[in-house]
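Raw contents of target_36.txt, compact mmCIF, C-alpha atoms and all ligand atoms:
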# COMPACT_ATOMS: atom_id res chain seq x y z
CA MET A 15 91.27 112.54 121.04
CA LYS A 16 89.37 110.28 118.64
CA LYS A 17 85.86 109.25 119.70
CA PRO A 18 85.59 105.55 120.64
CA ARG A 19 83.92 103.63 117.83
CA ILE A 20 80.93 101.51 118.81
CA LEU A 21 79.61 98.45 116.98
CA VAL A 22 76.28 96.84 117.86
CA ASN A 23 75.73 93.42 116.32
CA LEU A 24 72.11 92.37 116.78
CA PHE A 25 71.26 88.68 116.61
CA HIS A 26 67.49 88.12 116.59
CA PRO A 27 65.86 85.59 114.25
CA ASP A 28 62.52 87.42 114.12
CA ILE A 29 62.99 91.03 115.12
CA LYS A 30 59.53 91.99 113.77
CA LYS A 31 57.95 89.94 116.57
CA SER A 32 60.33 91.21 119.26
CA ARG A 33 59.14 93.04 122.41
CA GLY A 34 62.51 93.51 124.05
CA ASN A 35 65.30 93.71 121.48
CA ILE A 36 63.37 95.98 119.18
CA LYS A 37 62.93 98.55 121.96
CA LEU A 38 66.60 98.28 122.88
CA ILE A 39 67.69 98.84 119.28
CA ASN A 40 65.20 101.66 118.78
CA SER A 41 66.53 103.38 121.90
CA ILE A 42 70.00 103.73 120.38
CA SER A 43 69.30 103.84 116.65
CA ASP A 44 69.57 107.64 116.32
CA ILE A 45 72.89 107.97 118.18
CA LYS A 46 75.34 109.48 115.74
CA GLY A 47 78.52 107.65 114.84
CA ILE A 48 77.63 104.15 116.00
CA THR A 49 77.36 101.13 113.74
CA ILE A 50 74.29 98.91 114.16
CA ARG A 51 74.06 95.70 112.20
CA ASP A 52 71.22 93.17 112.07
CA ILE A 53 73.16 89.99 111.41
CA TYR A 54 70.13 87.77 110.65
CA ALA A 55 68.98 90.29 108.03
CA LEU A 56 72.46 90.48 106.52
CA TYR A 57 72.90 86.72 106.25
CA PRO A 58 69.48 85.05 105.84
CA ASP A 59 71.26 82.00 104.42
CA PHE A 60 73.76 81.90 107.35
CA LYS A 61 76.63 82.39 104.86
CA ILE A 62 78.63 84.88 106.87
CA ASP A 63 81.17 87.07 105.10
CA VAL A 64 83.98 86.32 107.54
CA LYS A 65 86.55 88.79 106.18
CA LYS A 66 84.01 91.62 106.16
CA GLU A 67 82.91 90.85 109.72
CA GLN A 68 86.53 90.79 110.87
CA GLU A 69 87.28 94.09 109.16
CA ILE A 70 84.31 95.72 110.89
CA LEU A 71 85.42 94.40 114.28
CA VAL A 72 88.94 95.78 113.79
CA ASN A 73 87.48 99.22 113.06
CA HIS A 74 85.59 99.49 116.37
CA ASP A 75 86.53 99.77 120.04
CA LEU A 76 83.37 98.62 121.83
CA LEU A 77 81.80 95.45 120.49
CA VAL A 78 78.19 95.06 121.62
CA PHE A 79 76.49 91.72 121.08
CA GLN A 80 72.75 92.07 121.55
CA HIS A 81 70.42 89.07 121.53
CA PRO A 82 67.65 87.21 123.31
CA PHE A 83 68.71 84.42 125.68
CA TYR A 84 67.96 81.10 123.96
CA TRP A 85 68.55 77.82 125.76
CA TYR A 86 70.74 79.56 128.34
CA SER A 87 72.89 80.90 125.55
CA CYS A 88 72.16 82.69 122.28
CA PRO A 89 70.36 82.33 118.94
CA SER A 90 72.20 79.96 116.61
CA MET A 91 73.38 82.73 114.26
CA PHE A 92 75.49 84.24 117.05
CA LYS A 93 77.12 80.85 117.66
CA GLU A 94 77.78 80.45 113.91
CA TRP A 95 79.16 84.00 113.83
CA GLN A 96 81.54 83.26 116.72
CA ASP A 97 82.66 79.95 115.21
CA ARG A 98 83.43 81.53 111.85
CA VAL A 99 84.52 85.10 112.59
CA LEU A 100 86.61 84.66 115.75
CA GLU A 101 89.04 82.42 113.95
CA GLN A 102 92.52 81.39 114.94
CA GLY A 103 95.20 83.73 113.63
CA PHE A 104 92.72 86.61 113.76
CA ALA A 105 91.15 86.61 117.21
CA PHE A 106 93.65 84.39 119.02
CA PRO A 107 97.10 82.86 118.40
CA PRO A 108 98.97 81.00 116.99
CA GLY A 109 99.40 83.34 114.06
CA VAL A 110 99.02 87.06 114.61
CA GLY A 111 95.87 86.46 116.61
CA ASP A 112 95.63 89.76 118.44
CA ALA A 113 93.33 91.78 116.17
CA LEU A 114 90.79 92.34 118.95
CA LYS A 115 93.19 92.82 121.86
CA GLY A 116 92.23 95.63 124.23
CA LYS A 117 88.75 96.21 122.78
CA HIS A 118 85.63 95.83 124.95
CA TRP A 119 82.89 93.15 124.80
CA LEU A 120 79.42 94.08 126.02
CA SER A 121 76.66 91.48 126.03
CA VAL A 122 73.14 92.95 125.92
CA ILE A 123 70.59 90.24 126.59
CA THR A 124 66.86 89.81 127.13
CA THR A 125 65.58 86.75 128.99
CA GLY A 126 62.14 85.24 129.36
CA GLY A 127 62.92 84.13 132.91
CA ALA A 128 62.63 86.51 135.84
CA GLN A 129 65.75 87.77 137.61
CA GLU A 130 64.99 85.70 140.73
CA ALA A 131 64.82 82.52 138.61
CA TYR A 132 68.54 82.90 137.88
CA ARG A 133 70.09 81.81 141.18
CA SER A 134 71.09 78.68 143.03
CA GLY A 135 67.84 76.95 144.08
CA GLY A 136 65.79 79.13 141.72
CA PHE A 137 63.85 77.95 138.66
CA ASN A 138 66.96 78.11 136.45
CA ASN A 139 69.44 77.00 139.15
CA TYR A 140 72.33 79.15 138.00
CA SER A 141 73.07 82.85 138.00
CA MET A 142 73.39 84.78 134.75
CA SER A 143 77.01 85.38 135.65
CA GLU A 144 77.60 81.60 135.72
CA LEU A 145 75.64 80.94 132.51
CA LEU A 146 77.47 83.69 130.62
CA LYS A 147 80.92 82.29 131.41
CA PRO A 148 81.42 80.78 127.91
CA PHE A 149 80.96 84.28 126.43
CA GLN A 150 83.21 85.82 129.07
CA GLN A 151 85.95 83.29 128.46
CA THR A 152 85.61 83.76 124.68
CA ALA A 153 86.22 87.46 125.29
CA ASN A 154 89.21 86.62 127.53
CA LEU A 155 90.78 84.33 124.95
CA CYS A 156 90.46 87.06 122.32
CA GLY A 157 92.07 89.63 124.60
CA LEU A 158 88.78 91.52 124.84
CA LYS A 159 87.85 93.22 128.10
CA TRP A 160 84.55 91.85 129.43
CA LEU A 161 82.13 94.53 130.59
CA PRO A 162 79.28 93.81 133.02
CA PRO A 163 76.43 92.56 130.82
CA PHE A 164 73.24 94.59 130.36
CA ILE A 165 70.30 92.24 130.98
CA ILE A 166 66.54 92.73 130.88
CA HIS A 167 64.58 89.89 132.49
CA GLY A 168 60.99 88.77 132.13
CA VAL A 169 60.61 89.60 128.44
CA LEU A 170 57.81 87.23 127.47
CA PRO A 171 54.64 87.74 125.43
CA PRO A 172 52.04 89.39 127.66
CA GLY A 173 49.31 87.23 129.13
CA ILE A 174 51.30 84.11 130.05
CA VAL A 175 49.92 83.03 133.41
CA GLY A 176 52.30 82.23 136.29
CA TYR A 177 55.30 84.21 135.02
CA LYS A 178 56.53 87.62 136.05
CA ILE A 179 56.44 89.58 132.79
CA ILE A 180 57.97 92.99 132.31
CA SER A 181 55.68 95.67 130.82
CA ASP A 182 56.41 97.69 127.67
CA PRO A 183 56.89 100.96 129.63
CA GLU A 184 59.34 99.18 131.95
CA ILE A 185 61.36 97.90 128.98
CA ILE A 186 61.42 101.40 127.48
CA GLU A 187 62.59 102.81 130.81
CA LEU A 188 65.42 100.25 131.08
CA ALA A 189 66.38 100.88 127.45
CA LYS A 190 67.22 104.45 128.47
CA ASP A 191 70.06 103.05 130.63
CA TYR A 192 71.37 101.21 127.54
CA ARG A 193 71.31 104.45 125.56
CA LYS A 194 73.05 106.30 128.39
CA PHE A 195 75.78 103.66 128.54
CA ILE A 196 76.45 103.97 124.79
CA GLU A 197 76.45 107.79 124.94
CA ASP A 198 78.77 107.83 127.96
CA TYR A 199 81.14 105.39 126.26
CA GLN A 200 81.37 107.73 123.27
CA MET A 201 82.56 110.63 125.41
C1 LIG B 301 64.20 79.04 121.25
C2 LIG B 301 63.98 79.84 122.50
C3 LIG B 301 64.74 79.52 123.61
C4 LIG B 301 64.59 80.29 124.78
N1 LIG B 301 65.37 79.98 125.87
C5 LIG B 301 65.28 80.74 126.98
C6 LIG B 301 66.12 80.48 128.09
O1 LIG B 301 66.97 79.58 128.09
N2 LIG B 301 65.99 81.27 129.19
C7 LIG B 301 65.09 82.31 129.24
O2 LIG B 301 65.03 83.00 130.27
N3 LIG B 301 64.29 82.58 128.18
C8 LIG B 301 64.36 81.82 127.07
N4 LIG B 301 63.58 82.12 125.98
C9 LIG B 301 62.72 83.33 126.00
C10 LIG B 301 63.46 84.47 125.28
O3 LIG B 301 64.66 84.80 125.94
C11 LIG B 301 62.57 85.69 125.19
O4 LIG B 301 61.46 85.34 124.41
C12 LIG B 301 63.30 86.85 124.56
O5 LIG B 301 64.35 87.30 125.38
C13 LIG B 301 62.36 88.01 124.31
O6 LIG B 301 63.03 89.01 123.59
P1 LIG B 301 62.38 89.64 122.27
O7 LIG B 301 61.07 90.26 122.70
O8 LIG B 301 63.34 90.62 121.77
O9 LIG B 301 62.15 88.49 121.31
C14 LIG B 301 63.67 81.36 124.82
C15 LIG B 301 62.90 81.64 123.68
C16 LIG B 301 63.06 80.89 122.55
C17 LIG B 301 62.20 81.22 121.34
Would you write out, as structure tokens, the structure that this file holds?
Amino acid sequence: MKKPRILVNLFHPDIKKSRGNIKLINSISDIKGITIRDIYALYPDFKIDVKKEQEILVNHDLLVFQHPFYWYSCPSMFKEWQDRVLEQGFAFPPGVGDALKGKHWLSVITTGGAQEAYRSGGFNNYSMSELLKPFQQTANLCGLKWLPPFIIHGVLPPGIVGYKIISDPEIIELAKDYRKFIEDYQM
């Protein structure tokens, strides 16, 4: 049987300053046979090559979208990418519109807020599951199967007083679970 093909699209506007996403990407970068793409680096002018992006999606089975959580959503490049690449007739009907049907969507996200902040009555009022519904329904509309998201909370610059901040060793430890998921999916 053919090995499942894995695509990781990273959306981070300043990966050089990253604490979380850089460790996540580094943890999987040497896995053979996966495709990792830094979308901000590829399109610094935001002029996305839609046909190329679509072609790459078609040629993979697991689509991983990795990004920091910005304003309870994503960095603007990921929104632009969705608006342009997941177009009608490709990702959803009318038209053929089933190019992505049956593939998997995995969101991999780092947040500044602590896990306990993401609940009813907590600092951010809503659970991550509630806040991620627009992504989940985008996956649904495109016929993609939504996998439970992989989330690391508390990724803030060290030294901010009053916030629960995850340490570098803790991030590296959690990144091992990310690597294991990718390796298991390949088997
Ligand atoms: C523009 C902007 C918006 C942000 N919005 C949120 C937010 O809505 N919720 C949250 O928990 N953290 C928020 N953060 C914090 C980021 O999620 C956090 O810095 C990031 O996940 C850290 O990952 P990195 O080390 O890879 O940059 C925001 C940060 C920025 C710069």
Contact table range 70-90 of chain A vs range 156-171 of chain A, cut-off 10 Å, shortest pair per residue, all atoms listed in the file, as CSV:
residue,atom,partner,partner_atom,distance
A:Asp75,CA,A:Leu158,CA,9.8
A:Leu76,CA,A:Lys159,CA,9.4
A:Leu77,CA,A:Leu158,CA,9.1
A:Val78,CA,A:Pro163,CA,9.7
A:Phe79,CA,A:Pro163,CA,9.8
A:Gln80,CA,A:Phe164,CA,9.2
A:His81,CA,A:Ile165,CA,10.0
A:Pro82,CA,A:Val169,CA,9.0
A:Phe83,CA,A:Ile165,CA,9.6
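In this structure, CA of Thr124 in chain A sits 7.7 Å away from atom O2 of ligand LIG 301 (chain B).
Proximity of A:Tyr57, A:Trp119, A:Trp85, A:Phe137 to Val22 in chain A, computed with only C-alpha atoms, is greatest for A:Trp119.
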Test item: residues at most 12 Å from Glu184 in chain A, only C-alpha atoms, excluding those fewer than 3 positions along its chain, as a list in words: Arg33, Gly34, Lys37, Leu38, Ile166, His167, Gly168, Val169, Ile179, Ile180, Ser181, Glu187, Leu188, Ala189, Lys190 and Asp191 of chain A
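The list of residues with at least one atom within 12 Å of Lys93 in chain A, based on all atoms listed in the file and without residues fewer than 2 positions apart in the same chain, reads Phe25, Ile53, Phe60, Ile62, Phe79, His81, Tyr84, Ser87, Cys88, Pro89, Ser90, Met91, Trp95, Gln96, Asp97, Arg98, Val99, Leu100, Pro148, Phe149 and Thr152 of chain A.
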A:Glu69, A:Glu94, A:Asp182, A:Asp63 ranked by distance to ligand LIG 301 (chain B), top pick (using only C-alpha atoms and all ligand atoms): A:Asp182
Mind working out the centre and edge lengths of an axis-aligned box for ligand LIG 301 (chain B), all listed atoms inside, 8 Å added to each side, rounded to one decimal in Å and written as JSON?
{"center_x": 64.0, "center_y": 84.8, "center_z": 125.8, "size_x": 21.9, "size_y": 27.6, "size_z": 25.0}
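Residue nearest ligand LIG 301 (chain B) within the list A:Lys16, A:Lys66, A:Arg193, A:Lys178: A:Lys178 [criterion: smallest interatomic distance, only C-alpha atoms and all ligand atoms].
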Nearest-residue call for Ile185 in chain A, choices A:Asn23, A:Thr125, A:Ser43, A:Gln200, using all atoms listed in the file: A:Thr125
Taking all atoms listed in the file into account, name the residue in A:Leu155, A:Tyr177, A:Pro18, A:Lys147 that is nearest to ligand LIG 301 (chain B). A:Tyr177
What is the distance between CA of His74 in chain A and atom C10 of ligand LIG 301 (chain B), in Å to one decimal? 28.2 Å
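Among A:Gln102, A:Ser32, A:Gln68, A:Asn73, the residue with the shortest atom-to-atom distance to Thr49 in chain A, counting all atoms listed in the file, is A:Asn73.
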Hey, can you check how far atom C1 of ligand LIG 301 (chain B) sits from CA of Asp28 in chain A? 11.1 Å
